[in-house]
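Chemist: Structure below; questions to follow.
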Amino acid sequence: RPVSRNPAIQRDISFELPKSVPFKDVEESVRTACGDVLERQWLFDVYEGKGIQEGHHSLSIAMVLRKMGENLTDDEANQVRDSVVKALVPLGARLR
């Protein structure tokens, strides 16, 4: 993949999700929702306990977003983040 000279923007999301949902499904939903601007994603926190529904866990994902050839604005990055949240709803996810 070519290297962009434009700066990256990071967005993090945390959501509650049934434990039965495979993480590869979450990764694919994030990848699809972000499209070409997703440079990388990673899971940085898993929480189970007080405040989390039985049979669920909380996952936190970081996403590095970057456009090739132009700067990604905060509004555009927020729209991508919102698209990811919507894409995770069919998996049973709920934003925290």
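Please note that chains go A, B, ... in the order of the structure tokens, that every chain numbers its residues from 1, and that ligands are numbered from 1 in the order shown.
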What's around segment 64-66 of chain A at 7 Å? Count only C-alpha atoms, leave out sequence neighbours fewer than 3 positions away in its own chain, and write the answer as a VMD selection string.
Modeler: chain A and resid 7 to 11 37 to 41 72
Chemist: Emit the selected residues as a PDB file, in the first residue's frame, including all heavy atoms.
Modeler:
```pdb
ATOM      1  N   PRO A   7      -1.587  13.640   7.289  1.00  0.00           N
ATOM      2  CA  PRO A   7      -1.641  13.158   8.666  1.00  0.00           C
ATOM      3  C   PRO A   7      -2.804  12.181   8.901  1.00  0.00           C
ATOM      4  O   PRO A   7      -3.833  12.250   8.227  1.00  0.00           O
ATOM      5  CB  PRO A   7      -1.836  14.434   9.489  1.00  0.00           C
ATOM      6  CG  PRO A   7      -2.449  15.405   8.545  1.00  0.00           C
ATOM      7  CD  PRO A   7      -1.922  15.059   7.179  1.00  0.00           C
ATOM      8  N   ALA A   8      -2.604  11.308   9.857  1.00  0.00           N
ATOM      9  CA  ALA A   8      -3.636  10.352  10.255  1.00  0.00           C
ATOM     10  C   ALA A   8      -4.446  10.929  11.414  1.00  0.00           C
ATOM     11  O   ALA A   8      -3.984  11.818  12.137  1.00  0.00           O
ATOM     12  CB  ALA A   8      -2.986   9.041  10.686  1.00  0.00           C
ATOM     13  N   ILE A   9      -5.644  10.407  11.567  1.00  0.00           N
ATOM     14  CA  ILE A   9      -6.521  10.761  12.679  1.00  0.00           C
ATOM     15  C   ILE A   9      -6.914   9.455  13.355  1.00  0.00           C
ATOM     16  O   ILE A   9      -7.248   8.484  12.675  1.00  0.00           O
ATOM     17  CB  ILE A   9      -7.788  11.498  12.193  1.00  0.00           C
ATOM     18  CG1 ILE A   9      -7.432  12.844  11.573  1.00  0.00           C
ATOM     19  CG2 ILE A   9      -8.780  11.673  13.337  1.00  0.00           C
ATOM     20  CD1 ILE A   9      -8.621  13.611  11.028  1.00  0.00           C
ATOM     21  N   GLN A  10      -6.883   9.440  14.687  1.00  0.00           N
ATOM     22  CA  GLN A  10      -7.297   8.242  15.415  1.00  0.00           C
ATOM     23  C   GLN A  10      -8.651   8.474  16.060  1.00  0.00           C
ATOM     24  O   GLN A  10      -8.903   9.533  16.630  1.00  0.00           O
ATOM     25  CB  GLN A  10      -6.277   7.878  16.488  1.00  0.00           C
ATOM     26  CG  GLN A  10      -6.655   6.610  17.225  1.00  0.00           C
ATOM     27  CD  GLN A  10      -5.585   6.129  18.177  1.00  0.00           C
ATOM     28  OE1 GLN A  10      -4.397   6.230  17.879  1.00  0.00           O
ATOM     29  NE2 GLN A  10      -5.994   5.607  19.316  1.00  0.00           N
ATOM     30  N   ARG A  11      -9.502   7.493  15.951  1.00  0.00           N
ATOM     31  CA  ARG A  11     -10.798   7.487  16.631  1.00  0.00           C
ATOM     32  C   ARG A  11     -10.918   6.172  17.388  1.00  0.00           C
ATOM     33  O   ARG A  11     -10.540   5.117  16.878  1.00  0.00           O
ATOM     34  CB  ARG A  11     -11.965   7.616  15.639  1.00  0.00           C
ATOM     35  CG  ARG A  11     -12.067   8.964  14.959  1.00  0.00           C
ATOM     36  CD  ARG A  11     -12.459  10.040  15.969  1.00  0.00           C
ATOM     37  NE  ARG A  11     -12.639  11.334  15.356  1.00  0.00           N
ATOM     38  CZ  ARG A  11     -11.724  12.292  15.324  1.00  0.00           C
ATOM     39  NH1 ARG A  11     -10.536  12.094  15.833  1.00  0.00           N
ATOM     40  NH2 ARG A  11     -11.975  13.452  14.775  1.00  0.00           N
ATOM     41  N   VAL A  37     -10.237   4.634   3.938  1.00  0.00           N
ATOM     42  CA  VAL A  37      -9.541   5.519   4.877  1.00  0.00           C
ATOM     43  C   VAL A  37      -9.000   4.782   6.107  1.00  0.00           C
ATOM     44  O   VAL A  37      -8.227   5.355   6.867  1.00  0.00           O
ATOM     45  CB  VAL A  37     -10.416   6.720   5.324  1.00  0.00           C
ATOM     46  CG1 VAL A  37     -10.761   7.596   4.133  1.00  0.00           C
ATOM     47  CG2 VAL A  37     -11.632   6.270   6.077  1.00  0.00           C
ATOM     48  N   LEU A  38      -9.369   3.511   6.287  1.00  0.00           N
ATOM     49  CA  LEU A  38      -8.852   2.756   7.430  1.00  0.00           C
ATOM     50  C   LEU A  38      -7.422   2.312   7.150  1.00  0.00           C
ATOM     51  O   LEU A  38      -7.159   1.557   6.226  1.00  0.00           O
ATOM     52  CB  LEU A  38      -9.719   1.532   7.724  1.00  0.00           C
ATOM     53  CG  LEU A  38      -9.264   0.682   8.909  1.00  0.00           C
ATOM     54  CD1 LEU A  38      -9.403   1.463  10.220  1.00  0.00           C
ATOM     55  CD2 LEU A  38     -10.066  -0.607   8.967  1.00  0.00           C
ATOM     56  N   GLU A  39      -6.511   2.808   7.966  1.00  0.00           N
ATOM     57  CA  GLU A  39      -5.111   2.411   7.842  1.00  0.00           C
ATOM     58  C   GLU A  39      -4.828   1.196   8.722  1.00  0.00           C
ATOM     59  O   GLU A  39      -4.142   0.273   8.312  1.00  0.00           O
ATOM     60  CB  GLU A  39      -4.213   3.576   8.241  1.00  0.00           C
ATOM     61  CG  GLU A  39      -2.761   3.336   7.971  1.00  0.00           C
ATOM     62  CD  GLU A  39      -1.971   4.606   8.119  1.00  0.00           C
ATOM     63  OE1 GLU A  39      -1.999   5.438   7.180  1.00  0.00           O
ATOM     64  OE2 GLU A  39      -1.309   4.781   9.169  1.00  0.00           O
ATOM     65  N   ARG A  40      -5.350   1.233   9.948  1.00  0.00           N
ATOM     66  CA  ARG A  40      -5.221   0.075  10.828  1.00  0.00           C
ATOM     67  C   ARG A  40      -6.224   0.167  11.964  1.00  0.00           C
ATOM     68  O   ARG A  40      -6.745   1.251  12.256  1.00  0.00           O
ATOM     69  CB  ARG A  40      -3.810  -0.098  11.343  1.00  0.00           C
ATOM     70  CG  ARG A  40      -3.283   1.028  12.170  1.00  0.00           C
ATOM     71  CD  ARG A  40      -1.846   0.777  12.574  1.00  0.00           C
ATOM     72  NE  ARG A  40      -1.843   0.397  13.975  1.00  0.00           N
ATOM     73  CZ  ARG A  40      -0.977   0.817  14.869  1.00  0.00           C
ATOM     74  NH1 ARG A  40       0.011   1.582  14.515  1.00  0.00           N
ATOM     75  NH2 ARG A  40      -1.055   0.473  16.121  1.00  0.00           N
ATOM     76  N   GLN A  41      -6.488  -0.969  12.572  1.00  0.00           N
ATOM     77  CA  GLN A  41      -7.388  -1.041  13.718  1.00  0.00           C
ATOM     78  C   GLN A  41      -6.820  -2.050  14.705  1.00  0.00           C
ATOM     79  O   GLN A  41      -6.102  -2.965  14.315  1.00  0.00           O
ATOM     80  CB  GLN A  41      -8.791  -1.454  13.292  1.00  0.00           C
ATOM     81  CG  GLN A  41      -8.875  -2.860  12.713  1.00  0.00           C
ATOM     82  CD  GLN A  41     -10.294  -3.304  12.450  1.00  0.00           C
ATOM     83  OE1 GLN A  41     -11.132  -3.233  13.320  1.00  0.00           O
ATOM     84  NE2 GLN A  41     -10.551  -3.746  11.221  1.00  0.00           N
ATOM     85  N   LEU A  72      -7.767  14.390   5.953  1.00  0.00           N
ATOM     86  CA  LEU A  72      -9.061  13.952   6.447  1.00  0.00           C
ATOM     87  C   LEU A  72      -9.475  14.947   7.527  1.00  0.00           C
ATOM     88  O   LEU A  72      -8.712  15.206   8.461  1.00  0.00           O
ATOM     89  CB  LEU A  72      -8.918  12.545   7.047  1.00  0.00           C
ATOM     90  CG  LEU A  72     -10.169  11.814   7.473  1.00  0.00           C
ATOM     91  CD1 LEU A  72     -11.045  11.495   6.264  1.00  0.00           C
ATOM     92  CD2 LEU A  72      -9.800  10.510   8.177  1.00  0.00           C
TER      93      LEU A  72
END
```
Chemist: For segment 28-36 of chain A, list every protein, DNA or RNA residue within 6 Å, evaluated using only C-alpha atoms, and leave out those in the same chain fewer than 5 positions away; present the list as a list in words.
Modeler: Val80, Ser83, Val84 and Ala87 of chain A
Chemist: Quick one: everything within 12 Å of segment 48-51 of chain A, counting only C-alpha atoms, minus sequence neighbours fewer than 2 positions away in the same chain. Send it as JSON, numbers by chain.
Modeler: {"A": [15, 16, 17, 18, 19, 45, 46, 53, 54, 55, 56, 57, 58, 59, 60, 96]}
Chemist: For Met68 of chain A, which residue among A:Arg81, A:Pro2, A:Ser14, A:Gly92 is the nearest when counting only C-alpha atoms?
Modeler: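 Looking only at the distances to Met68 of chain A, the closest residue turns out to be A:Pro2.
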Chemist: Among the residues of chain A, find those DSSP assigns to strand (DSSP E) from the backbone and print them as a ChimeraX atom specification.
Modeler: /A:9-18,38-47,56-65,94-95
Chemist: Please produce a file of those selected residues containing C-alpha atoms, as a PDB file, in the first residue's frame.
Modeler:
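So the final result, stored in part_32.pdb, reads:
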```
ATOM      1  CA  ILE A   9      -6.521  10.761  12.679  1.00  0.00           C
ATOM      2  CA  GLN A  10      -7.297   8.242  15.415  1.00  0.00           C
ATOM      3  CA  ARG A  11     -10.798   7.487  16.631  1.00  0.00           C
ATOM      4  CA  ASP A  12     -11.648   5.075  19.440  1.00  0.00           C
ATOM      5  CA  ILE A  13     -14.978   3.409  20.129  1.00  0.00           C
ATOM      6  CA  SER A  14     -16.208   1.297  23.030  1.00  0.00           C
ATOM      7  CA  PHE A  15     -19.245  -0.891  22.748  1.00  0.00           C
ATOM      8  CA  GLU A  16     -20.998  -3.728  24.515  1.00  0.00           C
ATOM      9  CA  LEU A  17     -21.405  -6.894  22.480  1.00  0.00           C
ATOM     10  CA  PRO A  18     -22.574 -10.482  23.063  1.00  0.00           C
ATOM     11  CA  LEU A  38      -8.852   2.756   7.430  1.00  0.00           C
ATOM     12  CA  GLU A  39      -5.111   2.411   7.842  1.00  0.00           C
ATOM     13  CA  ARG A  40      -5.221   0.075  10.828  1.00  0.00           C
ATOM     14  CA  GLN A  41      -7.388  -1.041  13.718  1.00  0.00           C
ATOM     15  CA  TRP A  42      -6.709  -2.818  16.982  1.00  0.00           C
ATOM     16  CA  LEU A  43      -8.471  -4.003  20.091  1.00  0.00           C
ATOM     17  CA  PHE A  44      -7.089  -2.194  23.140  1.00  0.00           C
ATOM     18  CA  ASP A  45      -9.488  -3.132  25.931  1.00  0.00           C
ATOM     19  CA  VAL A  46     -11.888  -5.902  26.928  1.00  0.00           C
ATOM     20  CA  TYR A  47     -14.035  -5.428  30.019  1.00  0.00           C
ATOM     21  CA  HIS A  56     -21.720  -9.655  27.049  1.00  0.00           C
ATOM     22  CA  HIS A  57     -18.404  -7.861  27.222  1.00  0.00           C
ATOM     23  CA  SER A  58     -17.197  -4.376  26.402  1.00  0.00           C
ATOM     24  CA  LEU A  59     -14.678  -4.014  23.596  1.00  0.00           C
ATOM     25  CA  SER A  60     -12.680  -0.888  22.801  1.00  0.00           C
ATOM     26  CA  ILE A  61     -11.210  -0.499  19.336  1.00  0.00           C
ATOM     27  CA  ALA A  62      -8.784   2.112  18.029  1.00  0.00           C
ATOM     28  CA  MET A  63      -8.912   3.081  14.360  1.00  0.00           C
ATOM     29  CA  VAL A  64      -6.261   5.031  12.478  1.00  0.00           C
ATOM     30  CA  LEU A  65      -7.822   6.834   9.520  1.00  0.00           C
ATOM     31  CA  ARG A  94     -24.433  -1.122  21.742  1.00  0.00           C
ATOM     32  CA  LEU A  95     -22.216   1.973  22.056  1.00  0.00           C
TER      33      LEU A  95
END
```
Chemist: State, in Å with one decimal place, the distance from atom CA of Val3 of chain A to atom CA of Asp74 of chain A.
Modeler: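 So the two atoms, atom CA of Val3 of chain A and atom CA of Asp74 of chain A, lie 20.6 Å apart.
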Chemist: Of the candidates A:Val21, A:Lys67, A:Asn6, A:Val26, which shows the shortest atom-to-atom distance to Leu88 of chain A, using only C-alpha atoms?
Modeler: A:Val26
Chemist: Record the distance separating atom CA of Glu27 of chain A and atom CA of Gln79 of chain A, expressed in Å with one decimal.
Modeler: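 So the two atoms, atom CA of Glu27 of chain A and atom CA of Gln79 of chain A, lie 18.0 Å apart.
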Chemist: Of the candidates A:Arg5, A:Val85, A:Phe23, A:Ile52, which shows the shortest atom-to-atom distance to Glu70 of chain A, using only C-alpha atoms?
Modeler: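 Smallest distance to Glu70 of chain A is found for A:Arg5.
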Chemist: Mind checking DSSP for segment 13-91 of chain A and telling me the alpha helix (DSSP H) residues as a ChimeraX atom specification?
Modeler: /A:23-34,74-88
